[in-house]
Amino acid sequence: MAATVTVADGRLVVTGLGASPRLELFFRAVLGGTQGQNGWIISPRGSSLEELVVRVVGQLQKEGIETHVAGGADRALELASDRARSYGRARDAAISFKAGTPVITMEDVRVSLESMGWDFASRDPRPHQQSAALHALSAVNAANFSVPGSGKTAATLSVLAVHLNSETVDGAIVVGPLASFGPWETEAAAALPRSVRVLRVRGPRSARRAIYDSTQCGDILLVTYPTVPADIRALRALADRLSMMLVVDESHRIKRFRGGQWAEAIKDLARSCCARMILTGTPMPQGPEDLYSQLQVLWPDGQLTGSRLQFQNRASTDFAGLVEHVSPFFVRTGKDALGIPPYSIVTHDVDMRELQTEVYDLIVARFRRSLADADLWQDKITLLRKARPLRLIQAASNPDLLNADDGYFKLPAIDTPGATLLTRLLEYRAREIPAKFAAALEIVREKAAADRKVVVWTSFIRNIDQFSHLVRTELGIPTWSVDGRVPAAVQNDNLRPDDPSEEIDVTREQRIRSFLGQAGPAVLVANPAACGESISLHMGCETAVYLDRTYDCARYLQSIDRIHRLGLSPDAKVEIHLLNATRGGAPAADQLVHQALVRKQSRMEAVLEGAELRPANLPDEAGEAEAAEGDRKDLEDILAYLLGK
């Protein structure tokens, strides 16, 4: 018996086989093929045609069946063999780099950068950025998993510049969130002011098509994740016309193990690009399986990852071995290696004012009544979570928060019977300024007198509006706000960052730019969820004030990273001001939160800021509200506080 493998209409056709239950199971159940009169017909289904040919031919040979490859399948098999050899060469070069014998030196890189007009005065690569660039140039397809704020964008631009100088690539396609577009424009303008053109691919399909058609050597296209599947044919055509480097920024956004529309389209585009990089500071936000789709971008035919099932089995049974296997293709720099000055924490105990104290006591009393009917500790914990402990944090921050629904945390306003509480809440805003607002206002006043900028963090939208209004009316200081209601970036233009038509602050990007560009003191009031990725405030702001914090330690550390990152001057004095409400000088809910975050911080920093690649076990978007209200230990501490233990 001899089988023939050919290609017809983009599908694999296998003929000449007799009856074989094992092969029938393989073709039908494993590959999803269908049996016709002349043999089996198999579609690639998410893998490349070359990968499918290799798999089918390998299975036939394993069964001892003589196999003839023709009709396009022979070319596919040849391409697969070429890719296997390319992977082997890249792996050897990456291993040599890790062993201290790189295939290219930093002297070579600097010569290329000078030829491309790199501005060393503005962006002289730091040692860890040099190492990342040398690694990417050795491995060709590489991941930079360095911590947030480590300068991954500038390091990647240096890699692109070397490729452009050696003519191994003509340009780059950068896929990322809208918030990343500004940093790419800023870094490219600083490092390569005359050598590259950065274009945002936005607007209707016709406008995007015009950008692709006019792309030329030296262009960097900024593309959002949703745009890739919408424009995959045009992007592949561009990558066939020009040799393009693919960069996936904040690549953890395609972490879904089963893939998705974004991941599959980006993997498809990756096959047409001649060099590929992925960038993220949190490569495993939930667990090891988050790596699979990201690493598939580097080697879309599975040379690095193996099959989905193989990767899953290895991730669950031998994570250390999996990391060792993929380690030649990634670098990670911890925060300690950045050489930035440490930040200082200033804790302020702020005693609640009279009416706020009354409201806070009434909320505590409501919690205690809700727990009274439960005898068992576990039942009390369950009731406590249902009662939403975030209400304690709201009351300690600003009682008026309890008057309105909170859409982000899905927390309804208090409208249940309780005449005394409802009366106090309804009249609160007219009678009193929250104590922490007054304390924050004094810190802002002090910094403004020294001509400093301040970012004020709060988890609640209503606080953003009210505190922003307070700063404007009481201090007259220019103030901007950023939260989920504000779009991330402009929707339909390719304007330069300094274009005068962008002066209206309608986006997060524009508001942050205006805040940083304001001469003299200024205030930005924001929530951490809206400024979690690709946002840098450190070049103009070294002071952060926290009106409140939740139990979500990752969000807290992420917000600190906005002003504590690479680029700070050696004499910078980054200050983190924590406002903790007290009741008559005694601890309140804020002290519980503070103690919990101190307990979590060292472990979280070891994961998020360390040089070792480890799963972060962060909550996904659906679990962020639960993370904000605390884990089991947090709930037990809240319960003990409420019961006076």
# chains A, B, ... in the order shown; residues from 1 in each chain; ligands from 1

$ residues_around --residues "Ala94 (chain A)" --least-positions-apart "2" --cutoff "12 Å" --atoms "only C-alpha atoms" --output "number ranges by chain"
A: 87-92, 96-104, 131-143, 325-331

$ write_last_selection --atoms "N, CA and C atoms" --output "compact mmCIF listing (two decimals), in the first residue's frame"
# COMPACT_ATOMS: atom_id res chain seq x y z
N TYR A 87 14.64 27.41 12.60
CA TYR A 87 14.43 27.35 14.05
C TYR A 87 15.68 26.81 14.74
N GLY A 88 16.27 25.79 14.17
CA GLY A 88 17.48 25.21 14.77
C GLY A 88 18.62 26.21 14.81
N ARG A 89 18.81 26.95 13.72
CA ARG A 89 19.89 27.96 13.70
C ARG A 89 19.63 29.05 14.72
N ALA A 90 18.36 29.51 14.79
CA ALA A 90 18.02 30.57 15.74
C ALA A 90 18.20 30.09 17.18
N ARG A 91 17.80 28.87 17.44
CA ARG A 91 17.95 28.34 18.80
C ARG A 91 19.42 28.24 19.18
N ASP A 92 20.25 27.77 18.26
CA ASP A 92 21.69 27.67 18.54
C ASP A 92 22.28 29.05 18.82
N SER A 96 23.87 30.39 22.32
CA SER A 96 25.22 30.97 22.36
C SER A 96 25.21 32.32 23.06
N PHE A 97 24.18 33.12 22.80
CA PHE A 97 24.07 34.41 23.48
C PHE A 97 23.96 34.20 24.99
N LYS A 98 23.08 33.28 25.39
CA LYS A 98 22.90 33.04 26.83
C LYS A 98 24.18 32.50 27.47
N ALA A 99 25.01 31.83 26.66
CA ALA A 99 26.26 31.29 27.17
C ALA A 99 27.39 32.32 27.18
N GLY A 100 27.10 33.53 26.71
CA GLY A 100 28.11 34.58 26.73
C GLY A 100 28.91 34.73 25.46
N THR A 101 28.46 34.07 24.39
CA THR A 101 29.16 34.18 23.10
C THR A 101 28.17 34.61 22.03
N PRO A 102 27.74 35.88 22.06
CA PRO A 102 26.74 36.35 21.09
C PRO A 102 27.30 36.39 19.67
N VAL A 103 26.39 36.25 18.70
CA VAL A 103 26.81 36.28 17.30
C VAL A 103 27.05 37.71 16.82
N ILE A 104 26.65 38.69 17.63
CA ILE A 104 26.84 40.09 17.29
C ILE A 104 27.26 40.83 18.55
N SER A 131 21.62 44.35 26.33
CA SER A 131 21.52 42.89 26.41
C SER A 131 20.28 42.39 25.69
N ALA A 132 19.14 43.07 25.89
CA ALA A 132 17.89 42.67 25.23
C ALA A 132 18.01 42.78 23.71
N ALA A 133 18.67 43.84 23.24
CA ALA A 133 18.84 44.03 21.80
C ALA A 133 19.74 42.95 21.20
N LEU A 134 20.85 42.66 21.88
CA LEU A 134 21.76 41.62 21.39
C LEU A 134 21.06 40.26 21.36
N HIS A 135 20.24 40.00 22.36
CA HIS A 135 19.50 38.74 22.40
C HIS A 135 18.55 38.64 21.21
N ALA A 136 17.77 39.72 20.96
CA ALA A 136 16.80 39.69 19.87
C ALA A 136 17.48 39.56 18.51
N LEU A 137 18.63 40.18 18.37
CA LEU A 137 19.36 40.07 17.10
C LEU A 137 19.98 38.69 16.93
N SER A 138 20.24 38.01 18.03
CA SER A 138 20.77 36.65 17.96
C SER A 138 19.65 35.66 17.67
N ALA A 139 18.55 35.76 18.42
CA ALA A 139 17.46 34.80 18.31
C ALA A 139 16.55 35.08 17.12
N VAL A 140 16.59 36.29 16.57
CA VAL A 140 15.77 36.75 15.45
C VAL A 140 14.30 36.92 15.87
N ASN A 141 13.71 35.86 16.40
CA ASN A 141 12.34 35.92 16.91
C ASN A 141 12.43 35.81 18.43
N ALA A 142 12.12 36.89 19.14
CA ALA A 142 12.47 36.93 20.56
C ALA A 142 11.39 37.59 21.39
N ALA A 143 11.38 37.24 22.67
CA ALA A 143 10.46 37.83 23.64
C ALA A 143 11.25 38.65 24.64
N HIS A 325 13.14 25.09 28.50
CA HIS A 325 13.05 24.81 27.06
C HIS A 325 12.87 26.09 26.25
N VAL A 326 12.02 27.01 26.72
CA VAL A 326 11.74 28.22 25.95
C VAL A 326 12.71 29.35 26.29
N SER A 327 13.53 29.18 27.32
CA SER A 327 14.39 30.27 27.81
C SER A 327 15.35 30.85 26.78
N PRO A 328 15.84 30.07 25.79
CA PRO A 328 16.72 30.72 24.80
C PRO A 328 16.06 31.86 24.06
N PHE A 329 14.73 31.88 24.02
CA PHE A 329 14.05 32.87 23.20
C PHE A 329 13.46 34.03 24.00
N PHE A 330 13.74 34.13 25.30
CA PHE A 330 13.25 35.30 26.03
C PHE A 330 14.33 35.85 26.95
N VAL A 331 14.20 37.16 27.24
CA VAL A 331 15.00 37.81 28.27
C VAL A 331 14.04 38.47 29.25

$ residues_around --residues "Ala581 (chain A)" --least-positions-apart "6" --cutoff "6 Å" --atoms "only C-alpha atoms" --output "ChimeraX atom specification"
/A:349-351,396,590

$ select_by_dssp --residues "region 426-586 of chain A" --states "strand (DSSP E or B)" --output "list of chain:residue names"
A:Lys453, A:Val454, A:Val455, A:Val456, A:Trp457, A:Thr479, A:Trp480, A:Ser481, A:Val482, A:Ala522, A:Val523, A:Leu524, A:Val525, A:Ala526, A:Thr543, A:Ala544, A:Val545, A:Tyr546, A:Glu575, A:Ile576, A:His577, A:Leu578, A:Leu579, A:Asn580, A:Ala581, A:Thr582, A:Arg583, A:Ala586

$ write_last_selection --atoms "N, CA and C atoms" --output "compact mmCIF listing (two decimals), in the first residue's frame"
# COMPACT_ATOMS: atom_id res chain seq x y z
N LYS A 453 4.18 68.63 39.95
CA LYS A 453 2.97 67.97 39.49
C LYS A 453 2.64 66.80 40.42
N VAL A 454 1.35 66.46 40.49
CA VAL A 454 0.89 65.39 41.38
C VAL A 454 -0.13 64.54 40.65
N VAL A 455 -0.01 63.22 40.79
CA VAL A 455 -1.06 62.31 40.34
C VAL A 455 -1.80 61.82 41.58
N VAL A 456 -3.12 61.90 41.54
CA VAL A 456 -3.97 61.48 42.65
C VAL A 456 -4.73 60.24 42.21
N TRP A 457 -4.58 59.15 42.96
CA TRP A 457 -5.21 57.88 42.61
C TRP A 457 -6.43 57.61 43.49
N THR A 479 -6.12 70.87 36.08
CA THR A 479 -6.41 69.51 36.53
C THR A 479 -7.02 68.71 35.40
N TRP A 480 -6.53 67.50 35.24
CA TRP A 480 -7.07 66.56 34.26
C TRP A 480 -7.50 65.28 34.96
N SER A 481 -8.44 64.57 34.36
CA SER A 481 -8.88 63.30 34.93
C SER A 481 -8.84 62.21 33.86
N VAL A 482 -8.57 60.99 34.31
CA VAL A 482 -8.51 59.84 33.41
C VAL A 482 -9.21 58.66 34.07
N ALA A 522 0.49 71.00 38.19
CA ALA A 522 -0.69 70.42 37.56
C ALA A 522 -1.08 69.17 38.33
N VAL A 523 -2.33 68.76 38.16
CA VAL A 523 -2.84 67.58 38.87
C VAL A 523 -3.52 66.65 37.88
N LEU A 524 -3.25 65.36 38.01
CA LEU A 524 -3.95 64.33 37.26
C LEU A 524 -4.67 63.45 38.28
N VAL A 525 -5.98 63.31 38.14
CA VAL A 525 -6.77 62.46 39.02
C VAL A 525 -7.23 61.26 38.20
N ALA A 526 -6.89 60.05 38.64
CA ALA A 526 -7.13 58.87 37.80
C ALA A 526 -7.41 57.65 38.66
N THR A 543 5.27 62.61 42.35
CA THR A 543 4.47 62.53 43.57
C THR A 543 3.13 61.88 43.27
N ALA A 544 2.77 60.86 44.05
CA ALA A 544 1.47 60.21 43.93
C ALA A 544 0.76 60.26 45.28
N VAL A 545 -0.52 60.57 45.25
CA VAL A 545 -1.36 60.61 46.46
C VAL A 545 -2.50 59.63 46.27
N TYR A 546 -2.75 58.80 47.28
CA TYR A 546 -3.81 57.79 47.21
C TYR A 546 -4.97 58.18 48.12
N GLU A 575 7.76 60.21 45.67
CA GLU A 575 7.04 60.11 46.93
C GLU A 575 5.67 59.48 46.71
N ILE A 576 5.32 58.50 47.55
CA ILE A 576 4.02 57.85 47.53
C ILE A 576 3.31 58.21 48.83
N HIS A 577 2.27 59.02 48.75
CA HIS A 577 1.53 59.46 49.93
C HIS A 577 0.26 58.61 50.09
N LEU A 578 0.18 57.90 51.20
CA LEU A 578 -0.95 57.02 51.48
C LEU A 578 -1.82 57.66 52.56
N LEU A 579 -3.07 57.92 52.24
CA LEU A 579 -4.01 58.52 53.18
C LEU A 579 -4.88 57.42 53.77
N ASN A 580 -4.75 57.19 55.07
CA ASN A 580 -5.52 56.15 55.76
C ASN A 580 -6.46 56.81 56.77
N ALA A 581 -7.76 56.60 56.57
CA ALA A 581 -8.75 57.18 57.47
C ALA A 581 -8.72 56.49 58.83
N THR A 582 -8.89 57.28 59.88
CA THR A 582 -9.01 56.74 61.23
C THR A 582 -10.32 57.25 61.83
N ARG A 583 -10.76 56.57 62.90
CA ARG A 583 -11.99 56.98 63.58
C ARG A 583 -11.64 57.35 65.02
N ALA A 586 -8.50 55.89 66.16
CA ALA A 586 -8.41 54.43 66.17
C ALA A 586 -8.43 53.90 64.73

$ residues_around --residues "Ile535 (chain A)" --least-positions-apart "4" --cutoff "10 Å" --atoms "only C-alpha atoms" --output "PDB file with N, CA and C atoms, in the first residue's frame"
ATOM      1  N   PRO A 148       7.590  46.108  33.727  1.00  0.00           N
ATOM      2  CA  PRO A 148       7.069  47.391  33.236  1.00  0.00           C
ATOM      3  C   PRO A 148       7.999  48.541  33.621  1.00  0.00           C
ATOM      4  N   GLY A 149       8.144  49.480  32.700  1.00  0.00           N
ATOM      5  CA  GLY A 149       8.988  50.634  32.973  1.00  0.00           C
ATOM      6  C   GLY A 149      10.457  50.402  32.735  1.00  0.00           C
ATOM      7  N   ALA A 179      -3.320  52.657  23.925  1.00  0.00           N
ATOM      8  CA  ALA A 179      -2.489  53.409  24.876  1.00  0.00           C
ATOM      9  C   ALA A 179      -1.008  53.295  24.563  1.00  0.00           C
ATOM     10  N   SER A 180      -0.612  52.292  23.807  1.00  0.00           N
ATOM     11  CA  SER A 180       0.814  52.112  23.489  1.00  0.00           C
ATOM     12  C   SER A 180       1.262  52.979  22.318  1.00  0.00           C
ATOM     13  N   GLY A 182       1.116  56.265  21.713  1.00  0.00           N
ATOM     14  CA  GLY A 182       1.861  57.459  22.107  1.00  0.00           C
ATOM     15  C   GLY A 182       3.304  57.170  22.481  1.00  0.00           C
ATOM     16  N   PRO A 183       3.545  56.173  23.373  1.00  0.00           N
ATOM     17  CA  PRO A 183       4.935  55.843  23.712  1.00  0.00           C
ATOM     18  C   PRO A 183       5.777  55.439  22.505  1.00  0.00           C
ATOM     19  N   ARG A 508      -7.555  59.859  26.812  1.00  0.00           N
ATOM     20  CA  ARG A 508      -6.577  59.671  27.896  1.00  0.00           C
ATOM     21  C   ARG A 508      -5.204  60.138  27.446  1.00  0.00           C
ATOM     22  N   GLU A 509      -4.855  59.758  26.237  1.00  0.00           N
ATOM     23  CA  GLU A 509      -3.549  60.114  25.685  1.00  0.00           C
ATOM     24  C   GLU A 509      -3.348  61.628  25.684  1.00  0.00           C
ATOM     25  N   ILE A 512      -3.162  63.115  29.345  1.00  0.00           N
ATOM     26  CA  ILE A 512      -1.865  62.856  29.980  1.00  0.00           C
ATOM     27  C   ILE A 512      -0.787  63.738  29.359  1.00  0.00           C
ATOM     28  N   ALA A 530      -7.653  52.397  34.597  1.00  0.00           N
ATOM     29  CA  ALA A 530      -7.600  53.092  33.309  1.00  0.00           C
ATOM     30  C   ALA A 530      -6.182  53.461  32.906  1.00  0.00           C
ATOM     31  N   CYS A 531      -5.222  53.306  33.810  1.00  0.00           N
ATOM     32  CA  CYS A 531      -3.832  53.685  33.521  1.00  0.00           C
ATOM     33  C   CYS A 531      -2.897  52.522  33.815  1.00  0.00           C
ATOM     34  N   SER A 559       0.131  51.053  39.647  1.00  0.00           N
ATOM     35  CA  SER A 559      -0.004  52.512  39.678  1.00  0.00           C
ATOM     36  C   SER A 559       1.304  53.178  40.119  1.00  0.00           C
ATOM     37  N   ASP A 561       4.207  52.079  39.421  1.00  0.00           N
ATOM     38  CA  ASP A 561       5.084  51.992  38.254  1.00  0.00           C
ATOM     39  C   ASP A 561       4.894  53.145  37.278  1.00  0.00           C
ATOM     40  N   ARG A 562       3.765  53.831  37.329  1.00  0.00           N
ATOM     41  CA  ARG A 562       3.542  54.948  36.394  1.00  0.00           C
ATOM     42  C   ARG A 562       4.554  56.066  36.634  1.00  0.00           C
ATOM     43  N   ILE A 563       5.014  56.242  37.880  1.00  0.00           N
ATOM     44  CA  ILE A 563       5.975  57.324  38.159  1.00  0.00           C
ATOM     45  C   ILE A 563       7.323  56.784  38.624  1.00  0.00           C
TER      46      ILE A 563
END

$ select_by_dssp --residues "region 347-564 of chain A" --states "alpha helix (DSSP H)" --output "ChimeraX atom specification"
/A:354-371,377-386,390-397,419-431,435-449,461-475,508-517,553-561

$ closest_atom_pairs --of "region 36-67 of chain A" --to "region 299-302 of chain A" --cutoff "7 Å" --atoms "only C-alpha atoms" --output "Markdown table"
| residue | atom | partner | partner_atom | distance |
| --- | --- | --- | --- | --- |
| A:Ser47 | CA | A:Asp301 | CA | 6.7 |
| A:Ser48 | CA | A:Asp301 | CA | 6.6 |
| A:Glu51 | CA | A:Asp301 | CA | 6.0 |

$ closest_residue --among "A:Leu221, A:Leu392, A:Leu322, A:Thr186" --to "Ala365 (chain A)" --atoms "only C-alpha atoms"
A:Leu392

$ closest_residue --among "A:Ala419, A:Ala80, A:Ile220, A:Val506" --to "Ala488 (chain A)" --atoms "only C-alpha atoms"
A:Val506

$ closest_atom_pairs --of "region 514-606 of chain A" --to "region 273-282 of chain A" --cutoff "12 Å" --atoms "only C-alpha atoms" --output "CSV"
residue,atom,partner,partner_atom,distance
A:Gly532,CA,A:Gly281,CA,11.6
A:Glu533,CA,A:Gly281,CA,9.7
A:Ser534,CA,A:Thr280,CA,10.1
A:Ala554,CA,A:Thr282,CA,10.8
A:Gln558,CA,A:Gly281,CA,10.7
A:Asp561,CA,A:Gly281,CA,11.4
A:Met604,CA,A:Thr282,CA,11.7
A:Glu605,CA,A:Thr282,CA,11.8

$ write_last_selection --atoms "N, CA and C atoms" --output "PDB file, in the first residue's frame"
ATOM      1  N   GLY A 532      -3.316  51.319  33.450  1.00  0.00           N
ATOM      2  CA  GLY A 532      -2.548  50.147  33.823  1.00  0.00           C
ATOM      3  C   GLY A 532      -1.415  49.793  32.886  1.00  0.00           C
ATOM      4  N   GLU A 533      -1.544  50.121  31.596  1.00  0.00           N
ATOM      5  CA  GLU A 533      -0.548  49.708  30.621  1.00  0.00           C
ATOM      6  C   GLU A 533      -0.087  50.889  29.781  1.00  0.00           C
ATOM      7  N   SER A 534       1.198  50.869  29.423  1.00  0.00           N
ATOM      8  CA  SER A 534       1.763  51.797  28.432  1.00  0.00           C
ATOM      9  C   SER A 534       1.607  53.263  28.809  1.00  0.00           C
ATOM     10  N   ALA A 554      -1.905  44.075  42.908  1.00  0.00           N
ATOM     11  CA  ALA A 554      -1.338  44.233  41.568  1.00  0.00           C
ATOM     12  C   ALA A 554      -1.660  45.610  41.000  1.00  0.00           C
ATOM     13  N   GLN A 558       1.041  48.482  40.146  1.00  0.00           N
ATOM     14  CA  GLN A 558       1.005  48.966  38.765  1.00  0.00           C
ATOM     15  C   GLN A 558       0.912  50.488  38.731  1.00  0.00           C
ATOM     16  N   ASP A 561       4.207  52.079  39.421  1.00  0.00           N
ATOM     17  CA  ASP A 561       5.084  51.992  38.254  1.00  0.00           C
ATOM     18  C   ASP A 561       4.894  53.145  37.278  1.00  0.00           C
ATOM     19  N   MET A 604       4.197  39.781  45.799  1.00  0.00           N
ATOM     20  CA  MET A 604       3.810  40.264  44.480  1.00  0.00           C
ATOM     21  C   MET A 604       4.998  40.891  43.754  1.00  0.00           C
ATOM     22  N   GLU A 605       5.815  41.650  44.473  1.00  0.00           N
ATOM     23  CA  GLU A 605       6.991  42.265  43.847  1.00  0.00           C
ATOM     24  C   GLU A 605       7.966  41.204  43.360  1.00  0.00           C
TER      25      GLU A 605
END

$ residues_around --residues "Glu107 (chain A)" --least-positions-apart "6" --cutoff "12 Å" --atoms "only C-alpha atoms" --output "MDAnalysis selection string"
chainID A and resid 113:114 130 134 162

$ residues_around --residues "region 12-17 of chain A" --least-positions-apart "3" --cutoff "7 Å" --atoms "only C-alpha atoms" --output "VMD selection string"
chain A and resid 1 to 8 38 to 43

$ closest_residue --among "A:Ala337, A:Ala588, A:Leu23, A:Ile477" --to "Gln61 (chain A)" --atoms "only C-alpha atoms"
A:Leu23

$ residues_around --residues "Tyr428 (chain A)" --least-positions-apart "3" --cutoff "12 Å" --atoms "only C-alpha atoms" --output "list in words"
Arg353, Glu354, Leu355, Gln356, Thr357, Glu358, Val359, Tyr360, Ala395, Asn398, Pro399, Asp400, Leu401, Leu402, Asn403, Leu421, Leu422, Thr423, Arg424, Leu425, Arg431, Glu432, Ile433 and Pro434 of chain A

$ residues_around --residues "Tyr225 (chain A)" --least-positions-apart "2" --cutoff "7 Å" --atoms "only C-alpha atoms" --output "ChimeraX atom specification"
/A:175-177,223,227-228,262

$ write_last_selection --atoms "N, CA and C atoms" --output "tab-separated table (two decimals), in the first residue's frame"
chain	number	residue	atom	x	y	z
A	175	VAL	N	1.74	45.76	16.80
A	175	VAL	CA	0.38	45.49	17.25
A	175	VAL	C	0.33	45.75	18.75
A	176	GLY	N	-0.60	46.58	19.19
A	176	GLY	CA	-0.68	46.89	20.62
A	176	GLY	C	-1.97	47.60	20.95
A	177	PRO	N	-2.21	47.86	22.23
A	177	PRO	CA	-3.38	48.64	22.63
A	177	PRO	C	-3.22	50.10	22.22
A	223	VAL	N	-0.83	49.34	14.94
A	223	VAL	CA	-2.08	48.66	14.64
A	223	VAL	C	-2.67	48.13	15.94
A	227	THR	N	-7.78	45.38	14.83
A	227	THR	CA	-7.54	45.69	13.42
A	227	THR	C	-6.90	44.52	12.69
A	228	VAL	N	-6.12	43.70	13.37
A	228	VAL	CA	-5.40	42.62	12.69
A	228	VAL	C	-6.36	41.62	12.05
A	262	TRP	N	-8.02	37.38	17.87
A	262	TRP	CA	-6.79	38.17	17.81
A	262	TRP	C	-5.56	37.26	17.65
